[in-house]
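Participant: The file below is structure_15.cif, mmCIF, C-alpha atoms:
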```cif
data_protein
#
loop_
_atom_site.group_PDB
_atom_site.id
_atom_site.type_symbol
_atom_site.label_atom_id
_atom_site.label_comp_id
_atom_site.auth_asym_id
_atom_site.auth_seq_id
_atom_site.Cartn_x
_atom_site.Cartn_y
_atom_site.Cartn_z
ATOM 1 C CA MET A 1 106.819 218.360 -25.217
ATOM 2 C CA GLU A 2 104.604 221.347 -24.371
ATOM 3 C CA SER A 3 103.054 222.987 -27.459
ATOM 4 C CA LYS A 4 99.971 221.680 -29.249
ATOM 5 C CA SER A 5 102.043 220.753 -32.298
ATOM 6 C CA GLU A 6 104.568 218.851 -30.173
ATOM 7 C CA TRP A 7 101.842 216.957 -28.314
ATOM 8 C CA GLY A 8 100.035 216.301 -31.591
ATOM 9 C CA SER A 9 103.144 214.898 -33.256
ATOM 10 C CA GLY A 10 103.740 212.641 -30.259
ATOM 11 C CA VAL A 11 100.152 211.387 -30.236
ATOM 12 C CA TRP A 12 100.259 210.584 -33.949
ATOM 13 C CA ALA A 13 103.646 208.865 -33.608
ATOM 14 C CA HIS A 14 102.290 206.666 -30.829
ATOM 15 C CA LEU A 15 99.165 205.682 -32.794
ATOM 16 C CA THR A 16 101.196 204.998 -35.929
ATOM 17 C CA THR A 17 103.566 202.750 -33.981
ATOM 18 C CA VAL A 18 100.673 200.800 -32.435
ATOM 19 C CA ARG A 19 99.294 200.232 -35.930
ATOM 20 C CA GLN A 20 102.702 199.129 -37.233
ATOM 21 C CA ARG A 21 103.643 196.807 -34.388
ATOM 22 C CA SER A 22 100.200 195.494 -33.393
ATOM 23 C CA PRO A 23 101.198 194.792 -29.779
ATOM 24 C CA LEU A 24 99.645 191.790 -28.036
ATOM 25 C CA VAL A 25 97.656 193.041 -25.031
ATOM 26 C CA GLN A 26 96.346 190.592 -22.439
ATOM 27 C CA CYS A 27 93.099 191.843 -20.911
ATOM 28 C CA ILE A 28 91.793 190.375 -17.681
ATOM 29 C CA THR A 29 88.693 192.499 -17.673
ATOM 30 C CA ASN A 30 85.056 192.310 -16.640
ATOM 31 C CA PHE A 31 82.223 190.465 -18.346
ATOM 32 C CA VAL A 32 80.455 193.701 -19.294
ATOM 33 C CA SER A 33 83.445 195.151 -21.130
ATOM 34 C CA MET A 34 85.138 192.280 -22.968
ATOM 35 C CA ASP A 35 83.536 192.944 -26.349
ATOM 36 C CA LEU A 36 84.157 196.709 -26.462
ATOM 37 C CA VAL A 37 87.680 196.416 -25.037
ATOM 38 C CA ALA A 38 88.643 193.860 -27.678
ATOM 39 C CA ASN A 39 87.091 195.858 -30.521
ATOM 40 C CA THR A 40 88.711 199.088 -29.324
ATOM 41 C CA LEU A 41 92.124 197.435 -29.366
ATOM 42 C CA LEU A 42 91.533 195.876 -32.783
ATOM 43 C CA SER A 43 90.346 199.165 -34.296
ATOM 44 C CA ALA A 44 93.446 200.928 -32.943
ATOM 45 C CA GLY A 45 95.677 198.314 -34.559
ATOM 46 C CA ALA A 46 96.554 196.275 -31.460
ATOM 47 C CA SER A 47 95.955 192.572 -30.830
ATOM 48 C CA PRO A 48 93.730 191.762 -27.820
ATOM 49 C CA ALA A 49 93.844 188.500 -25.870
ATOM 50 C CA MET A 50 91.103 187.938 -23.293
ATOM 51 C CA VAL A 51 93.037 185.244 -21.413
ATOM 52 C CA HIS A 52 92.064 185.098 -17.747
ATOM 53 C CA SER A 53 92.449 181.501 -16.540
ATOM 54 C CA VAL A 54 95.075 181.229 -13.814
ATOM 55 C CA VAL A 55 96.345 177.946 -15.287
ATOM 56 C CA GLU A 56 97.247 179.710 -18.551
ATOM 57 C CA ILE A 57 99.058 182.700 -17.026
ATOM 58 C CA PRO A 58 102.533 181.062 -16.690
ATOM 59 C CA ASP A 59 102.529 179.959 -20.334
ATOM 60 C CA PHE A 60 100.793 182.928 -21.941
ATOM 61 C CA THR A 61 101.656 186.135 -20.081
ATOM 62 C CA PRO A 62 105.427 185.970 -20.826
ATOM 63 C CA HIS A 63 104.581 186.380 -24.526
ATOM 64 C CA VAL A 64 102.388 189.503 -24.263
ATOM 65 C CA HIS A 65 103.585 193.058 -24.791
ATOM 66 C CA ALA A 66 101.319 194.568 -22.125
ATOM 67 C CA LEU A 67 98.658 193.599 -19.600
ATOM 68 C CA CYS A 68 95.416 195.299 -18.566
ATOM 69 C CA VAL A 69 93.646 194.311 -15.338
ATOM 70 C CA ASN A 70 90.120 195.598 -14.685
ATOM 71 C CA VAL A 71 88.271 194.559 -11.507
ATOM 72 C CA GLY A 72 84.777 195.526 -12.669
ATOM 73 C CA THR A 73 83.110 192.148 -12.047
ATOM 74 C CA LEU A 74 85.624 190.927 -9.494
ATOM 75 C CA THR A 75 85.146 187.541 -7.801
ATOM 76 C CA PRO A 76 87.411 185.510 -5.501
ATOM 77 C CA ASP A 77 87.943 183.102 -8.416
ATOM 78 C CA TRP A 78 89.348 185.812 -10.702
ATOM 79 C CA LEU A 79 91.648 187.561 -8.239
ATOM 80 C CA PRO A 80 94.427 184.912 -8.303
ATOM 81 C CA SER A 81 94.624 185.239 -12.102
ATOM 82 C CA MET A 82 94.904 189.000 -11.867
ATOM 83 C CA LYS A 83 97.615 188.828 -9.236
ATOM 84 C CA ALA A 84 99.551 186.081 -11.014
ATOM 85 C CA ALA A 85 99.535 187.957 -14.327
ATOM 86 C CA ALA A 86 100.448 191.266 -12.698
ATOM 87 C CA GLU A 87 103.261 189.717 -10.701
ATOM 88 C CA LEU A 88 104.661 188.010 -13.801
ATOM 89 C CA ALA A 89 104.375 191.175 -15.911
ATOM 90 C CA SER A 90 106.243 193.185 -13.284
ATOM 91 C CA LYS A 91 108.906 190.497 -12.919
ATOM 92 C CA LEU A 92 109.462 190.408 -16.690
ATOM 93 C CA GLY A 93 109.459 194.189 -17.072
ATOM 94 C CA LYS A 94 106.254 194.296 -19.104
ATOM 95 C CA PRO A 95 103.997 197.337 -18.679
ATOM 96 C CA TRP A 96 100.603 196.781 -17.103
ATOM 97 C CA VAL A 97 97.544 198.869 -16.322
ATOM 98 C CA LEU A 98 95.290 198.597 -13.282
ATOM 99 C CA ASP A 99 91.693 199.823 -13.590
ATOM 100 C CA PRO A 100 90.280 199.768 -10.029
ATOM 101 C CA ALA A 101 86.630 199.903 -11.110
ATOM 102 C CA ALA A 102 84.214 200.706 -8.253
ATOM 103 C CA VAL A 103 87.063 200.208 -5.775
ATOM 104 C CA SER A 104 85.200 201.788 -2.856
ATOM 105 C CA CYS A 105 82.051 199.653 -3.077
ATOM 106 C CA SER A 106 83.303 196.872 -0.759
ATOM 107 C CA ARG A 107 86.154 195.989 1.585
ATOM 108 C CA PHE A 108 86.925 192.921 -0.564
ATOM 109 C CA ARG A 109 87.363 195.041 -3.686
ATOM 110 C CA LEU A 110 89.436 197.690 -1.930
ATOM 111 C CA LYS A 111 91.748 195.082 -0.396
ATOM 112 C CA ALA A 112 92.153 193.360 -3.770
ATOM 113 C CA CYS A 113 93.043 196.640 -5.483
ATOM 114 C CA LEU A 114 95.536 197.591 -2.775
ATOM 115 C CA GLU A 115 97.196 194.199 -3.201
ATOM 116 C CA LEU A 116 97.359 194.744 -6.965
ATOM 117 C CA VAL A 117 98.913 198.193 -6.462
ATOM 118 C CA GLU A 118 101.699 196.498 -4.494
ATOM 119 C CA LEU A 119 102.525 194.539 -7.671
ATOM 120 C CA LYS A 120 103.696 197.787 -9.305
ATOM 121 C CA PRO A 121 101.334 198.708 -12.144
ATOM 122 C CA THR A 122 102.826 201.023 -14.755
ATOM 123 C CA VAL A 123 99.586 203.009 -14.898
ATOM 124 C CA ILE A 124 96.575 203.206 -12.600
ATOM 125 C CA LYS A 125 93.508 204.492 -14.474
ATOM 126 C CA GLY A 126 90.222 205.372 -12.815
ATOM 127 C CA ASN A 127 87.600 208.063 -12.438
ATOM 128 C CA GLY A 128 87.816 210.757 -9.778
ATOM 129 C CA SER A 129 85.994 208.799 -7.080
ATOM 130 C CA GLU A 130 88.037 205.638 -7.696
ATOM 131 C CA ILE A 131 91.376 207.441 -7.513
ATOM 132 C CA ILE A 132 90.393 209.322 -4.348
ATOM 133 C CA ALA A 133 89.236 206.083 -2.693
ATOM 134 C CA LEU A 134 92.339 204.137 -3.733
ATOM 135 C CA SER A 135 94.673 206.925 -2.663
ATOM 136 C CA SER A 136 93.062 207.131 0.781
ATOM 137 C CA ALA A 137 92.495 203.343 0.996
ATOM 138 C CA SER A 138 88.907 203.872 2.095
ATOM 139 C CA THR A 139 85.452 202.595 1.223
ATOM 140 C CA GLY A 140 82.515 204.947 1.401
ATOM 141 C CA GLN A 141 79.631 206.416 -0.541
ATOM 142 C CA THR A 142 79.682 204.924 -3.994
ATOM 143 C CA LYS A 143 77.753 204.960 -7.257
ATOM 144 C CA GLY A 144 79.388 201.731 -8.367
ATOM 145 C CA ALA A 145 81.594 202.396 -11.370
ATOM 146 C CA ASP A 146 80.164 205.919 -11.841
ATOM 147 C CA SER A 147 82.060 208.867 -10.416
ATOM 148 C CA SER A 148 80.603 211.331 -7.921
ATOM 149 C CA HIS A 149 83.712 213.530 -8.244
ATOM 150 C CA GLU A 150 85.093 215.612 -11.081
ATOM 151 C CA SER A 151 88.505 214.512 -12.326
ATOM 152 C CA THR A 152 89.950 217.843 -11.213
ATOM 153 C CA ASP A 153 88.795 217.111 -7.629
ATOM 154 C CA ALA A 154 91.202 214.168 -7.656
ATOM 155 C CA ILE A 155 94.420 215.900 -8.758
ATOM 156 C CA GLU A 156 96.057 215.900 -5.319
ATOM 157 C CA ALA A 157 94.927 212.314 -4.633
ATOM 158 C CA ALA A 158 96.304 211.280 -8.024
ATOM 159 C CA LYS A 159 99.661 212.927 -7.359
ATOM 160 C CA SER A 160 99.847 211.276 -3.936
ATOM 161 C CA LEU A 161 98.959 207.854 -5.354
ATOM 162 C CA ALA A 162 101.520 208.257 -8.133
ATOM 163 C CA LEU A 163 104.272 209.061 -5.663
ATOM 164 C CA SER A 164 103.369 206.256 -3.252
ATOM 165 C CA SER A 165 102.884 203.579 -5.932
ATOM 166 C CA GLY A 166 105.458 204.587 -8.524
ATOM 167 C CA ALA A 167 102.740 204.433 -11.187
ATOM 168 C CA VAL A 168 101.517 207.066 -13.590
ATOM 169 C CA VAL A 169 97.948 207.865 -12.514
ATOM 170 C CA ALA A 170 95.254 208.711 -15.066
ATOM 171 C CA VAL A 171 91.921 210.195 -13.985
ATOM 172 C CA SER A 172 89.151 210.147 -16.573
ATOM 173 C CA GLY A 173 86.560 212.902 -16.620
ATOM 174 C CA ALA A 174 85.510 216.074 -18.443
ATOM 175 C CA VAL A 175 89.215 216.883 -18.364
ATOM 176 C CA ASP A 176 91.351 213.749 -18.244
ATOM 177 C CA ILE A 177 94.214 214.153 -15.773
ATOM 178 C CA VAL A 178 97.530 212.303 -16.088
ATOM 179 C CA THR A 179 100.288 212.646 -13.492
ATOM 180 C CA ASP A 180 103.515 210.993 -12.426
ATOM 181 C CA GLY A 181 103.350 212.783 -9.079
ATOM 182 C CA LYS A 182 105.244 215.818 -10.347
ATOM 183 C CA ARG A 183 103.962 216.714 -13.796
ATOM 184 C CA VAL A 184 100.197 217.110 -14.273
ATOM 185 C CA ILE A 185 98.781 216.983 -17.799
ATOM 186 C CA GLY A 186 95.207 217.754 -18.856
ATOM 187 C CA VAL A 187 93.556 216.121 -21.877
ATOM 188 C CA ARG A 188 90.422 217.896 -23.077
ATOM 189 C CA ASN A 189 89.360 215.475 -25.789
ATOM 190 C CA GLY A 190 86.186 213.403 -25.611
ATOM 191 C CA THR A 191 82.443 213.927 -25.192
ATOM 192 C CA LYS A 192 80.002 213.638 -22.328
ATOM 193 C CA MET A 193 77.908 211.063 -24.197
ATOM 194 C CA MET A 194 80.774 208.563 -23.952
ATOM 195 C CA GLN A 195 79.820 208.194 -20.272
ATOM 196 C CA LYS A 196 76.476 206.761 -21.410
ATOM 197 C CA ILE A 197 78.150 203.747 -23.014
ATOM 198 C CA THR A 198 79.177 201.005 -20.639
ATOM 199 C CA ALA A 199 82.832 199.927 -20.803
ATOM 200 C CA THR A 200 84.279 203.040 -22.439
ATOM 201 C CA GLY A 201 86.503 203.502 -19.378
ATOM 202 C CA CYS A 202 87.538 199.854 -19.494
ATOM 203 C CA SER A 203 88.320 200.208 -23.191
ATOM 204 C CA LEU A 204 90.440 203.263 -22.505
ATOM 205 C CA ALA A 205 92.472 201.251 -19.990
ATOM 206 C CA GLY A 206 93.080 198.609 -22.656
ATOM 207 C CA LEU A 207 94.128 201.277 -25.152
ATOM 208 C CA ILE A 208 96.553 202.763 -22.626
ATOM 209 C CA ALA A 209 98.115 199.302 -22.261
ATOM 210 C CA ALA A 210 98.590 199.102 -26.040
ATOM 211 C CA PHE A 211 100.304 202.494 -26.111
ATOM 212 C CA LEU A 212 102.517 201.527 -23.165
ATOM 213 C CA ALA A 213 103.515 198.396 -25.072
ATOM 214 C CA ILE A 214 105.199 200.510 -27.747
ATOM 215 C CA ASP A 215 106.640 203.202 -25.430
ATOM 216 C CA SER A 216 107.088 201.730 -21.970
ATOM 217 C CA LEU A 217 109.944 204.116 -21.150
ATOM 218 C CA GLN A 218 107.628 207.127 -21.372
ATOM 219 C CA PRO A 219 104.487 205.973 -19.564
ATOM 220 C CA LEU A 220 103.110 209.460 -18.935
ATOM 221 C CA GLU A 221 103.388 210.465 -22.590
ATOM 222 C CA ALA A 222 102.007 207.129 -23.815
ATOM 223 C CA THR A 223 99.023 207.438 -21.464
ATOM 224 C CA VAL A 224 98.311 211.013 -22.539
ATOM 225 C CA SER A 225 98.407 209.932 -26.186
ATOM 226 C CA ALA A 226 95.994 207.038 -25.624
ATOM 227 C CA MET A 227 93.526 209.247 -23.776
ATOM 228 C CA SER A 228 93.651 211.908 -26.479
ATOM 229 C CA VAL A 229 93.212 209.391 -29.307
ATOM 230 C CA PHE A 230 90.233 207.756 -27.606
ATOM 231 C CA GLY A 231 88.696 211.161 -26.904
ATOM 232 C CA ILE A 232 89.142 212.339 -30.501
ATOM 233 C CA ALA A 233 87.497 209.147 -31.768
ATOM 234 C CA GLY A 234 84.603 209.875 -29.409
ATOM 235 C CA GLU A 235 84.242 213.429 -30.715
ATOM 236 C CA LEU A 236 84.148 212.236 -34.322
ATOM 237 C CA GLY A 237 81.763 209.415 -33.418
ATOM 238 C CA GLU A 238 79.335 211.692 -31.641
ATOM 239 C CA ALA A 239 79.116 213.973 -34.686
ATOM 240 C CA MET A 240 77.712 211.015 -36.640
ATOM 241 C CA SER A 241 75.566 209.446 -33.926
ATOM 242 C CA LYS A 242 71.977 209.786 -32.784
ATOM 243 C CA GLY A 243 72.632 208.531 -29.259
ATOM 244 C CA PRO A 244 74.799 206.199 -27.181
ATOM 245 C CA ALA A 245 74.112 203.048 -29.212
ATOM 246 C CA SER A 246 75.184 204.572 -32.517
ATOM 247 C CA LEU A 247 78.055 206.406 -30.803
ATOM 248 C CA ARG A 248 79.437 203.026 -29.741
ATOM 249 C CA MET A 249 79.553 201.931 -33.370
ATOM 250 C CA HIS A 250 80.919 205.222 -34.698
ATOM 251 C CA LEU A 251 83.516 205.395 -31.916
ATOM 252 C CA ILE A 252 85.078 202.140 -33.113
ATOM 253 C CA ASP A 253 84.895 203.218 -36.761
ATOM 254 C CA SER A 254 86.425 206.609 -35.986
ATOM 255 C CA LEU A 255 89.284 205.080 -34.039
ATOM 256 C CA TYR A 256 89.992 202.745 -36.949
ATOM 257 C CA GLY A 257 89.986 205.587 -39.477
ATOM 258 C CA LEU A 258 91.899 208.310 -37.595
ATOM 259 C CA ASP A 259 94.330 210.140 -39.869
ATOM 260 C CA GLU A 260 97.232 212.460 -39.173
ATOM 261 C CA THR A 261 95.487 215.715 -40.092
ATOM 262 C CA THR A 262 92.533 214.974 -37.813
ATOM 263 C CA VAL A 263 94.769 214.036 -34.892
ATOM 264 C CA LEU A 264 96.989 217.108 -35.251
ATOM 265 C CA ASN A 265 93.996 219.441 -35.526
ATOM 266 C CA ARG A 266 91.991 217.954 -32.662
ATOM 267 C CA VAL A 267 94.597 217.166 -29.993
ATOM 268 C CA ASN A 268 93.782 219.284 -26.931
ATOM 269 C CA ILE A 269 96.493 218.680 -24.330
ATOM 270 C CA THR A 270 97.895 221.170 -21.822
ATOM 271 C CA ARG A 271 100.249 221.062 -18.872
ATOM 272 C CA LEU A 272 98.408 221.900 -15.644
ATOM 273 C CA GLY A 273 101.315 221.647 -13.233
#
```
Starting from the file, give its structure as structure tokens.
Facilitator:
Amino acid sequence: MESKSEWGSGVWAHLTTVRQRSPLVQCITNFVSMDLVANTLLSAGASPAMVHSVVEIPDFTPHVHALCVNVGTLTPDWLPSMKAAAELASKLGKPWVLDPAAVSCSRFRLKACLELVELKPTVIKGNGSEIIALSSASTGQTKGADSSHESTDAIEAAKSLALSSGAVVAVSGAVDIVTDGKRVIGVRNGTKMMQKITATGCSLAGLIAAFLAIDSLQPLEATVSAMSVFGIAGELGEAMSKGPASLRMHLIDSLYGLDETTVLNRVNITRLG
């Protein structure tokens, strides 16, 4: 799958399958993002479940099709739920996504994310700074969940993390990077204004989980498709918006209404290595 038409056909096939199957995606995500993550999944055709209590994990997680773990508002109370769900998902062969939000801002957060990586996520999705910090297992200068690195600055760190963890690594940025440690794919869909809406990155992680749910055997391709679809929805949304608040609304509407012609015309995916 190399040409624009081949990538476009794959992206549309993935989105169509999500809409047909409506996979159940468990999201243990942060307080800031729950609303947008859930609405992103619903508008894409998936079924979100914001179940995070550790006492419910043994009963609920075996029934989901994918799991998304985001550490944005991490506390010691939430970490056992995240680890229990991730461990169960891995044991049962269910795909799961780790979003190590602001991983470098504290030793507690870094340690928690490293422990979660050991539980074998299918995909690790972060911005350039998060992927560099997680790959090097180091805290340091941080802007919280904002990146101080371009996604392309993190290509080598992403490849290294992919090889050491066994996960596909996705780096969001002006050019989204997706790698399995060998192949490197660039996704040039999306708009800069999306960075002005809180939880767009968290929502993308949830969408990746939904796409993995319907194509877990091709995690790199499923991740690329999710990133392209979300980016295209952002492009369409921005064309109708006056600023970040209206973009948030139009982003959800555009994702809901995406059609085949629009996807095939707008997909912008290239192999970088």
Participant: Suppose a student applies the PyMOL selection byres ((chain A and resi 151) around 10) to this structure; what residues should they get, written as number ranges by chain?
Facilitator: A: 126-129, 131-132, 147-150, 152-155, 158, 170-177, 186
Participant: On this structure, which residues satisfy the PyMOL selection byres ((chain A and resi 160) around 10), written as a PyMOL selection string?
Facilitator: chain A and resi 131-132+135-136+154-159+161-166+169+179-182
Participant: For this file, the PyMOL selection byres ((chain A and resi 25-37) around 6) selects which residues, as a compact mmCIF listing (two decimals) with C-alpha atoms, in the coordinates of the input?
Facilitator:
```txt
# COMPACT_ATOMS: atom_id res chain seq x y z
CA LEU A 24 99.64 191.79 -28.04
CA ALA A 38 88.64 193.86 -27.68
CA ASN A 39 87.09 195.86 -30.52
CA THR A 40 88.71 199.09 -29.32
CA PRO A 48 93.73 191.76 -27.82
CA ALA A 49 93.84 188.50 -25.87
CA MET A 50 91.10 187.94 -23.29
CA HIS A 52 92.06 185.10 -17.75
CA VAL A 64 102.39 189.50 -24.26
CA HIS A 65 103.58 193.06 -24.79
CA ALA A 66 101.32 194.57 -22.12
CA LEU A 67 98.66 193.60 -19.60
CA CYS A 68 95.42 195.30 -18.57
CA VAL A 69 93.65 194.31 -15.34
CA ASN A 70 90.12 195.60 -14.68
CA GLY A 72 84.78 195.53 -12.67
CA THR A 73 83.11 192.15 -12.05
CA ALA A 199 82.83 199.93 -20.80
CA SER A 203 88.32 200.21 -23.19
```
Participant: What separation in Å, quoted to one decimal, exists between atom CA of A:Pro121 and atom CA of A:Ser90?
Facilitator: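 According to the coordinates, atom CA of A:Pro121 and atom CA of A:Ser90 are separated by 7.5 Å.
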Participant: Take atom CA of A:Pro80 and atom CA of A:Val54 and report the distance between them in Å, one decimal.
Facilitator: 6.7 Å
Participant: What's the separation between atom CA of A:Asn268 and atom CA of A:Gln218, in Å to one decimal place?
Facilitator: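 So the two atoms, atom CA of A:Asn268 and atom CA of A:Gln218, lie 19.2 Å apart.
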Participant: Kindly indicate which residue among A:Thr223, A:Gly190, A:Thr75, A:Pro244 lies nearest to A:Lys125, using all atoms listed in the file for the distances.
Facilitator: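 Checking each candidate against A:Lys125, we get A:Thr223 as the closest.
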Participant: Using only C-alpha atoms, what table do you get, as a Markdown table, when you list each residue of stretch 119-236 of chain A with an atom no more than 10 Å from stretch 95-112 of chain A, its nearest pair of atoms, and their distance in Å rounded to one decimal, rows by chain then rising number?
Facilitator:
```
| residue | atom | partner | partner_atom | distance |
| --- | --- | --- | --- | --- |
| A:Leu119 | CA | A:Trp96 | CA | 9.9 |
| A:Lys120 | CA | A:Trp96 | CA | 8.4 |
| A:Pro121 | CA | A:Trp96 | CA | 5.4 |
| A:Thr122 | CA | A:Trp96 | CA | 5.3 |
| A:Val123 | CA | A:Val97 | CA | 4.8 |
| A:Ile124 | CA | A:Leu98 | CA | 4.8 |
| A:Lys125 | CA | A:Asp99 | CA | 5.1 |
| A:Gly126 | CA | A:Asp99 | CA | 5.8 |
| A:Asn127 | CA | A:Ala101 | CA | 8.3 |
| A:Ser129 | CA | A:Ser104 | CA | 8.2 |
| A:Glu130 | CA | A:Val103 | CA | 5.8 |
| A:Ile131 | CA | A:Pro100 | CA | 8.1 |
| A:Ile132 | CA | A:Ser104 | CA | 9.3 |
| A:Ala133 | CA | A:Ser104 | CA | 5.9 |
| A:Leu134 | CA | A:Val103 | CA | 6.9 |
| A:Ala137 | CA | A:Leu110 | CA | 7.1 |
| A:Ser138 | CA | A:Ser104 | CA | 6.5 |
| A:Thr139 | CA | A:Ser104 | CA | 4.2 |
| A:Gly140 | CA | A:Ser104 | CA | 5.9 |
| A:Gln141 | CA | A:Ser104 | CA | 7.6 |
| A:Thr142 | CA | A:Cys105 | CA | 5.9 |
| A:Lys143 | CA | A:Ala102 | CA | 7.8 |
| A:Gly144 | CA | A:Ala102 | CA | 4.9 |
| A:Ala145 | CA | A:Ala102 | CA | 4.4 |
| A:Asp146 | CA | A:Ala102 | CA | 7.5 |
| A:Ser147 | CA | A:Ala102 | CA | 8.7 |
| A:Ala167 | CA | A:Val97 | CA | 9.2 |
| A:Val168 | CA | A:Val97 | CA | 9.5 |
| A:Val169 | CA | A:Leu98 | CA | 9.7 |
| A:Ala170 | CA | A:Asp99 | CA | 9.7 |
| A:Gly201 | CA | A:Asp99 | CA | 8.6 |
| A:Cys202 | CA | A:Asp99 | CA | 7.2 |
| A:Leu204 | CA | A:Asp99 | CA | 9.6 |
| A:Ala205 | CA | A:Asp99 | CA | 6.6 |
| A:Gly206 | CA | A:Val97 | CA | 7.8 |
| A:Leu207 | CA | A:Val97 | CA | 9.8 |
| A:Ile208 | CA | A:Val97 | CA | 7.5 |
| A:Ala209 | CA | A:Val97 | CA | 6.0 |
| A:Ala210 | CA | A:Pro95 | CA | 9.3 |
| A:Phe211 | CA | A:Pro95 | CA | 9.8 |
| A:Leu212 | CA | A:Pro95 | CA | 6.3 |
| A:Ala213 | CA | A:Pro95 | CA | 6.5 |
| A:Ile214 | CA | A:Pro95 | CA | 9.7 |
| A:Asp215 | CA | A:Pro95 | CA | 9.3 |
| A:Ser216 | CA | A:Pro95 | CA | 6.3 |
| A:Leu217 | CA | A:Pro95 | CA | 9.4 |
| A:Pro219 | CA | A:Pro95 | CA | 8.7 |
```
Participant: I need the residue nearest A:Leu258 from this list: A:Ser22, A:Val184, A:Leu114, A:Trp12. Use all atoms listed in the file for the distance.
Facilitator: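 Between A:Ser22, A:Val184, A:Leu114, A:Trp12, the residue approaching A:Leu258 most closely is A:Trp12.
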Participant: For each of A:Gly257, A:Gly237, A:Gly243, A:Pro58, take the minimum atom-to-atom distance to A:Ser81, counting all atoms listed in the file, then give the residue where this is smallest.
Facilitator: A:Pro58
Participant: With a distance cut-off of 10 Å and all atoms listed in the file, select the neighbouring residues of A:Ser5, excluding the residue or stretch itself and same-chain residues fewer than 5 positions from it, and output the selection as a list in words.
Facilitator: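 Near neighbours after the sequence-gap exclusion: Gly10, Val11, Leu264, Asn265, Val267, Asn268 and Ile269 of chain A.
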Participant: Output C-alpha atoms for every residue in that selection, as an mmCIF file, keeping the file's coordinate frame.
Facilitator:
```
data_model
loop_
_atom_site.group_PDB
_atom_site.id
_atom_site.type_symbol
_atom_site.label_atom_id
_atom_site.label_comp_id
_atom_site.auth_asym_id
_atom_site.auth_seq_id
_atom_site.Cartn_x
_atom_site.Cartn_y
_atom_site.Cartn_z
ATOM 1 C CA GLY A 10 103.740 212.641 -30.259
ATOM 2 C CA VAL A 11 100.152 211.387 -30.236
ATOM 3 C CA LEU A 264 96.989 217.108 -35.251
ATOM 4 C CA ASN A 265 93.996 219.441 -35.526
ATOM 5 C CA VAL A 267 94.597 217.166 -29.993
ATOM 6 C CA ASN A 268 93.782 219.284 -26.931
ATOM 7 C CA ILE A 269 96.493 218.680 -24.330
#
```
Participant: Considering only C-alpha atoms, return as a list in words whatever protein or nucleic-acid residues lie within 12 Å of A:Ala245, sequence-local ones (same chain, fewer than 5 positions apart) excluded.
Facilitator: Met193, Met194, Gln195, Lys196, Ile197, Thr198, Gly237, Glu238, Met240, His250, Leu251 and Ile252 of chain A
Participant: With distances taken over all atoms listed in the file, which of A:Val178, A:Leu247, A:Leu220, A:Val71 is nearest to A:Thr191?
Facilitator: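 Comparing A:Val178, A:Leu247, A:Leu220, A:Val71 against A:Thr191, the winner is A:Leu247.
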Participant: I need the residue nearest A:Val224 from this list: A:Lys242, A:Arg19, A:Arg188, A:His63. Use only C-alpha atoms for the distance.
Facilitator: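 Looking only at the distances to A:Val224, the closest residue turns out to be A:Arg188.
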Participant: Once 5 Å is added on each side, what centre and edge lengths in Å to one decimal does the axis-aligned box around all listed atoms of stretch 198-210 of chain A have, as JSON?
Facilitator:
```
{"center_x": 88.9, "center_y": 201.1, "center_z": -22.7, "size_x": 29.4, "size_y": 14.9, "size_z": 16.7}
```
